[in-house]
$ cat query-v3.txt   # compact mmCIF, C-alpha atoms
# COMPACT_ATOMS: atom_id res chain seq x y z
CA MET M 13 -42.05 -4.46 81.59
CA ALA M 14 -44.11 -6.29 78.98
CA ASN M 15 -46.59 -3.41 78.98
CA GLU M 16 -43.78 -0.93 78.39
CA SER M 17 -42.38 -2.85 75.39
CA GLN M 18 -45.92 -3.21 73.99
CA LYS M 19 -46.36 0.54 74.35
CA THR M 20 -43.03 1.16 72.56
CA THR M 21 -44.05 -1.16 69.70
CA ALA M 22 -47.42 0.59 69.40
CA VAL M 23 -45.73 4.01 69.29
CA GLN M 24 -43.26 2.72 66.68
CA THR M 25 -46.06 1.26 64.55
CA LYS M 26 -48.04 4.51 64.76
CA THR M 27 -44.96 6.57 63.84
CA LYS M 28 -44.19 4.23 60.96
CA LEU M 29 -47.76 4.39 59.67
CA TRP M 30 -47.83 8.20 59.63
CA LEU M 31 -44.33 8.39 58.15
CA ASP M 32 -45.30 5.93 55.40
CA ILE M 33 -48.45 7.91 54.59
CA ILE M 34 -46.36 11.12 54.33
CA VAL M 35 -43.69 9.41 52.19
CA PHE M 36 -46.39 7.93 49.92
CA VAL M 37 -47.99 11.35 49.35
CA ALA M 38 -44.53 12.92 48.82
CA PHE M 39 -43.67 10.17 46.33
CA LEU M 40 -46.84 10.86 44.33
CA ILE M 41 -46.01 14.59 44.26
CA THR M 42 -42.38 14.04 43.25
CA MET M 43 -43.40 11.61 40.52
CA ASP M 44 -44.93 14.52 38.58
CA PRO M 45 -42.32 17.31 38.46
CA HIS M 46 -44.05 19.01 35.51
CA THR M 47 -47.01 19.89 37.71
CA SER M 48 -45.36 20.42 41.11
CA GLY M 49 -42.52 22.47 39.64
CA ILE M 50 -38.86 21.51 39.66
CA ALA M 51 -38.09 23.29 42.96
CA ILE M 52 -40.73 21.37 44.96
CA HIS M 53 -39.68 18.16 43.18
CA GLU M 54 -36.04 18.56 44.18
CA TRP M 55 -36.46 19.78 47.78
CA LEU M 56 -39.17 17.23 48.56
CA SER M 57 -36.99 14.44 47.14
CA LEU M 58 -34.04 15.54 49.27
CA ALA M 59 -36.30 15.62 52.34
CA MET M 60 -37.35 12.06 51.51
CA ILE M 61 -33.78 10.87 52.20
CA ALA M 62 -34.34 11.80 55.87
CA ALA M 63 -37.80 10.22 55.89
CA MET M 64 -36.47 6.99 54.36
CA THR M 65 -33.63 6.90 56.91
CA VAL M 66 -36.21 7.07 59.72
CA HIS M 67 -38.27 4.38 57.94
CA LEU M 68 -35.19 2.12 57.90
CA LEU M 69 -34.42 2.91 61.55
CA LEU M 70 -37.94 1.87 62.55
CA SER M 71 -37.47 -1.44 60.69
CA TRP M 72 -33.92 -1.94 61.98
CA ASP M 73 -34.66 -5.02 64.13
CA TRP M 74 -36.34 -6.81 61.21
CA ILE M 75 -33.46 -5.91 58.85
CA MET M 76 -30.85 -7.22 61.30
CA GLU M 77 -32.82 -10.39 62.04
CA ILE M 78 -33.35 -11.30 58.37
CA SER M 79 -29.76 -10.31 57.43
CA GLY M 80 -28.49 -12.82 59.98
CA ARG M 81 -30.84 -15.59 58.89
CA PHE M 82 -30.81 -14.94 55.13
CA LEU M 83 -28.39 -17.74 54.24
CA GLY M 84 -30.00 -20.13 56.73
CA LYS M 85 -33.59 -21.18 57.29
CA LEU M 86 -35.99 -18.41 56.26
CA GLY M 87 -39.57 -18.28 54.99
CA THR M 88 -40.13 -17.55 51.29
CA GLN M 89 -42.09 -14.36 51.92
CA ASN M 90 -39.40 -12.94 54.21
CA ARG M 91 -36.72 -13.82 51.65
CA ILE M 92 -38.66 -12.16 48.79
CA ASN M 93 -39.36 -9.16 51.02
CA TYR M 94 -35.70 -8.81 51.94
CA ILE M 95 -34.47 -9.00 48.31
CA LEU M 96 -37.19 -6.57 47.19
CA ASN M 97 -36.22 -4.12 49.95
CA TRP M 98 -32.59 -4.18 48.83
CA LEU M 99 -33.67 -3.58 45.22
CA LEU M 100 -35.82 -0.68 46.44
CA PHE M 101 -32.87 0.75 48.38
CA ILE M 102 -30.51 0.47 45.37
CA ASP M 103 -33.14 1.96 43.05
CA GLY M 104 -33.82 4.75 45.57
CA THR M 105 -30.10 5.50 45.69
CA LEU M 106 -29.99 5.64 41.89
CA ILE M 107 -33.01 8.00 41.79
CA MET M 108 -31.36 10.29 44.37
CA ILE M 109 -27.88 10.31 42.81
CA SER M 110 -29.12 10.80 39.25
CA GLY M 111 -31.49 13.49 40.54
CA ILE M 112 -28.62 15.27 42.30
CA MET M 113 -26.52 15.05 39.12
CA ILE M 114 -29.22 16.74 37.02
CA SER M 115 -30.35 19.15 39.75
CA GLU M 116 -31.42 22.55 38.40
CA VAL M 117 -32.50 24.28 41.60
CA ALA M 118 -31.26 22.72 44.87
CA LEU M 119 -27.59 22.22 44.00
CA PRO M 120 -27.07 25.55 42.18
CA LEU M 121 -28.64 27.24 45.22
CA MET M 122 -25.97 25.58 47.37
CA GLY M 123 -23.34 26.90 44.98
CA ILE M 124 -22.60 23.49 43.47
CA LYS M 125 -22.57 23.30 39.68
CA LEU M 126 -22.20 19.98 37.90
CA PRO M 127 -21.87 19.52 34.13
CA MET M 128 -25.14 18.43 32.48
CA GLY M 129 -25.11 14.69 31.82
CA PHE M 130 -27.76 13.15 29.64
CA ALA M 131 -27.01 9.63 30.83
CA TRP M 132 -28.03 10.74 34.33
CA ARG M 133 -31.32 12.15 33.02
CA ARG M 134 -32.17 8.87 31.29
CA LEU M 135 -31.14 6.92 34.40
CA HIS M 136 -33.29 9.21 36.56
CA ASP M 137 -36.39 8.59 34.42
CA MET M 138 -35.76 4.86 34.17
CA SER M 139 -35.06 4.37 37.89
CA ALA M 140 -38.16 6.43 38.83
CA ASN M 141 -40.36 4.15 36.69
CA ILE M 142 -38.75 1.03 38.18
CA GLY M 143 -39.18 2.63 41.63
CA LEU M 144 -42.93 2.96 41.05
CA LEU M 145 -43.17 -0.78 40.28
CA LEU M 146 -40.97 -1.74 43.24
CA LEU M 147 -42.97 0.50 45.59
CA GLY M 148 -46.16 -1.14 44.30
CA LEU M 149 -44.71 -4.58 45.08
CA HIS M 150 -43.49 -3.36 48.49
CA THR M 151 -46.98 -2.02 49.27
CA ALA M 152 -48.61 -5.26 48.07
CA LEU M 153 -46.35 -7.43 50.24
CA HIS M 154 -47.11 -5.27 53.29
CA TRP M 155 -50.82 -4.86 52.52
CA GLY M 156 -51.89 -6.92 55.54
CA TRP M 157 -49.84 -4.72 57.88
CA ILE M 158 -51.15 -1.52 56.21
CA VAL M 159 -54.80 -2.57 56.56
CA THR M 160 -54.33 -3.69 60.19
CA ALA M 161 -52.41 -0.54 61.19
CA ILE M 162 -54.89 1.82 59.47
CA ASN M 163 -57.79 0.01 61.11
CA LYS M 164 -56.15 0.05 64.55
CA TYR M 165 -54.65 3.55 64.62
CA LEU M 166 -56.89 5.52 62.25
CA VAL M 167 -60.33 3.98 61.82
CA GLN M 168 -60.95 2.62 65.32
CA PRO M 169 -59.97 5.84 67.19
CA ILE M 170 -62.36 7.82 64.94
CA VAL M 171 -65.16 5.28 65.48
CA LYS M 172 -64.49 5.34 69.25
CA LEU M 173 -64.55 9.13 69.26
CA PHE M 174 -67.94 9.22 67.51
CA SER M 175 -69.46 6.49 69.69
CA ALA M 176 -68.25 8.29 72.84
CA LYS M 177 -69.79 11.54 71.57
CA GLN M 178 -73.08 9.76 70.81
CA LYS M 179 -73.13 8.24 74.31
CA LYS M 180 -72.47 11.67 75.80
CA ASP M 181 -75.30 13.20 73.74
CA ALA M 182 -77.65 10.38 74.73
CA ALA M 183 -76.83 10.90 78.43
CA ILE M 184 -77.72 14.60 78.14
CA MET G 30 -25.70 6.79 70.35
CA LYS G 31 -27.13 3.55 68.95
CA THR G 32 -29.41 5.51 66.61
CA ILE G 33 -26.55 7.71 65.40
CA GLY G 34 -24.52 4.59 64.64
CA ARG G 35 -27.42 3.12 62.67
CA ILE G 36 -27.91 6.37 60.74
CA LEU G 37 -24.19 6.36 59.88
CA ILE G 38 -24.45 2.74 58.65
CA ILE G 39 -27.44 3.61 56.42
CA LEU G 40 -25.65 6.68 55.01
CA ALA G 41 -22.44 4.67 54.51
CA VAL G 42 -24.27 1.97 52.50
CA PHE G 43 -26.04 4.74 50.55
CA SER G 44 -22.67 6.40 49.82
CA VAL G 45 -21.08 3.11 48.70
CA PHE G 46 -23.90 2.44 46.20
CA ALA G 47 -23.88 6.07 45.07
CA GLY G 48 -20.11 5.98 44.53
CA LEU G 49 -20.37 2.76 42.54
CA MET G 50 -23.08 4.28 40.35
CA VAL G 51 -21.05 7.44 39.66
CA VAL G 52 -17.98 5.35 38.79
CA ALA G 53 -20.03 3.03 36.56
CA VAL G 54 -21.68 5.89 34.63
CA ASN G 55 -18.39 7.77 34.21
CA ALA G 56 -16.55 4.59 33.18
CA SER G 57 -19.20 3.72 30.58
CA GLY G 58 -18.47 7.06 28.91
CA SER G 59 -22.14 7.63 28.16
CA ASN G 60 -22.41 10.68 30.39
CA THR G 61 -21.47 13.24 27.78
CA PRO G 62 -23.56 16.26 26.86
CA ALA G 63 -24.04 14.88 23.36
CA ALA G 64 -24.68 11.29 24.39
CA ASP G 65 -28.12 11.24 22.81
CA GLY G 66 -26.76 12.17 19.40
CA ALA G 67 -27.58 15.88 19.25
CA PRO G 68 -24.66 18.30 19.15
CA SER G 69 -24.29 20.21 22.40
CA GLN G 70 -24.10 23.58 20.59
CA LEU G 71 -27.76 23.23 19.64
CA ARG G 72 -28.90 23.03 23.24
CA PRO G 73 -29.67 26.07 25.36
CA GLY G 74 -26.44 26.62 27.25
CA GLY G 75 -24.86 24.22 24.79
CA ASP G 76 -21.44 24.25 26.45
CA GLY G 77 -22.66 21.45 28.67
CA ALA G 78 -23.59 23.66 31.60
CA ARG G 79 -27.00 23.18 33.21
CA PRO G 80 -29.53 25.96 32.81
CA GLU G 81 -29.72 28.43 35.67
CA GLY G 82 -32.97 27.53 37.37
CA ASP G 83 -34.91 29.69 39.79
CA GLY G 84 -37.60 27.09 40.25
CA ASN G 85 -40.20 29.29 38.62
CA ARG G 86 -39.68 28.44 34.99
CA PRO G 87 -42.87 27.40 33.21
CA GLU G 88 -43.32 23.67 33.02
CA ARG G 89 -44.59 21.77 29.99
CA GLY G 90 -47.90 20.95 31.62
CA GLU G 91 -48.54 24.52 32.67
CA ARG G 92 -47.64 26.11 29.37
CA ASP G 93 -50.72 24.80 27.56
CA GLY G 94 -52.97 25.44 30.53
CA ALA G 95 -53.58 21.74 31.08
CA GLY G 96 -51.69 21.51 34.39
CA GLY G 97 -54.67 20.28 36.40
CA SER G 98 -55.72 17.53 34.03
CA ARG G 99 -52.11 16.49 33.53
CA TRP G 100 -51.64 16.23 37.29
CA MET G 101 -54.82 14.17 37.61
CA PHE G 102 -53.70 11.87 34.80
CA GLY G 103 -50.26 11.41 36.39
CA LEU G 104 -51.76 10.74 39.81
CA ILE G 105 -54.30 8.22 38.47
CA LYS G 106 -51.57 6.50 36.43
CA ASN G 107 -49.18 6.17 39.40
CA VAL G 108 -51.81 5.13 41.93
CA GLY G 109 -53.34 2.83 39.29
CA VAL G 110 -50.06 0.99 38.70
CA MET G 111 -49.68 0.43 42.44
CA ALA G 112 -53.34 -0.56 42.88
CA VAL G 113 -53.02 -3.17 40.11
CA LEU G 114 -49.93 -4.66 41.77
CA VAL G 115 -51.61 -4.69 45.18
CA THR G 116 -54.73 -6.34 43.71
CA ILE G 117 -52.70 -8.98 41.85
CA ILE G 118 -50.58 -9.90 44.89
CA ALA G 119 -52.59 -9.10 48.02
CA TRP G 120 -56.03 -10.28 46.87
CA PRO G 121 -55.14 -13.95 46.09
CA LYS G 122 -53.11 -14.01 49.30
CA SER G 123 -56.09 -12.82 51.36
CA ILE G 124 -58.41 -15.36 49.64
CA ALA G 125 -55.92 -18.18 50.37
CA LYS G 126 -55.70 -17.04 54.00
CA LYS G 127 -59.49 -17.00 54.38
CA LYS G 128 -59.71 -20.47 52.78
CA LYS G 129 -57.08 -21.79 55.17
CA LYS G 130 -58.93 -20.31 58.15
CA LYS G 131 -62.22 -21.84 56.97
CA GLN G 132 -60.59 -25.24 56.51
CA ALA G 133 -59.07 -25.04 59.98
CA VAL G 134 -62.50 -24.24 61.49
CA VAL G 135 -64.14 -27.11 59.55
CA SER G 136 -61.45 -29.59 60.56
CA SER G 137 -61.65 -28.52 64.22
CA VAL G 138 -65.47 -28.90 64.16
CA ASN G 139 -65.10 -32.36 62.56
CA GLY G 140 -62.47 -33.27 65.14
CA ASN G 141 -64.79 -32.27 68.00
CA SER G 142 -67.73 -34.24 66.61

$ encode --input "query-v3.txt" --output "structure tokens"
Amino acid sequence: MANESQKTTAVQTKTKLWLDIIVFVAFLITMDPHTSGIAIHEWLSLAMIAAMTVHLLLSWDWIMEISGRFLGKLGTQNRINYILNWLLFIDGTLIMISGIMISEVALPLMGIKLPMGFAWRRLHDMSANIGLLLLGLHTALHWGWIVTAINKYLVQPIVKLFSAKQKKDAAI
Amino acid sequence: MKTIGRILIILAVFSVFAGLMVVAVNASGSNTPAADGAPSQLRPGGDGARPEGDGNRPERGERDGAGGSRWMFGLIKNVGVMAVLVTIIAWPKSIAKKKKKKQAVVSSVNGNS
């Protein structure tokens, strides 16, 4: 039973690590729409809504636990983390909504046409810049987890693979 | 079923915030085509309608042939901002952790002797 739950946690951590790597790369691409092109920028951003939903689902237990304990006894780091995550969620929502409002490719393709609003454009730029800072803080606060997970699920399997190959070669 | 419920909760919270933002921007009255001072007639498609995009229009970076260097600059800038934040926050934290560990080892050695 304990082994099974450990296995589930390991699978969840691995999934989360790969998802976070993909979201990070996608974020870097979407942050430069002039180079990627507006179509890639918009479709990739819309796809990130799904990726972020999965990210939240994988952290659901932590979210529920801290939500319940937020007004009670809670460590400073968890409290800061929780507030920062809410700010990131609100900022993410603002980026998405303002992006949808100024969409030039995705929405017109779906047959939806909204009047051009310059307030939304300014909000989109501003929230994207704030998002970069918040994501930096989010990464910094989870740096320990990132290093541990990369070491455990990326570096060590590669090292093991090479050492096994060397042993095999030596045996021959 | 549990997962679907959770997804619905996430999307509901997202919709609530999105709705509040739309209401706030519309109520502020700043979301007009000429909000930044320039008359809308001077804009391409100046009636306030968005330009018809096919996703293939030339971008600013590509027009002057500097797309690659612009992309590199943007990437370095974005990763740089995040790296600075990680260094400022995670590095002192890791040093403090190592110090704490060292002190714990020293105190346990002293306790044994």

$ interface_residues --input "query-v3.txt" --of "chain M" --to "chain G" --cutoff "7 Å" --atoms "only C-alpha atoms" --output "ChimeraX atom specification"
/M:40,44,46-47,49-51,65,102,105-106,109,116-117,127-132,145,148-149,151-153,155

$ atom_distance --input "query-v3.txt" --atom1 "atom CA of Gln89 of chain M" --atom2 "atom CA of Lys127 of chain G"
17.8 Å

$ residues_around --input "query-v3.txt" --residues "Lys31 of chain G" --least-positions-apart "6" --cutoff "12 Å" --atoms "all atoms listed in the file" --output "list in words"
Leu69 and Trp72 of chain M; Leu37 and Ile38 of chain G

$ atom_distance --input "query-v3.txt" --atom1 "atom CA of Gln168 of chain M" --atom2 "atom CA of Leu29 of chain M"
14.5 Å

$ atom_distance --input "query-v3.txt" --atom1 "atom CA of Met108 of chain M" --atom2 "atom CA of Gly80 of chain M"
28.0 Å

$ closest_residue --input "query-v3.txt" --among "M:Ala38, M:Ala161, M:Ala176, M:Val167" --to "Thr25 of chain M" --atoms "all atoms listed in the file"
M:Ala161
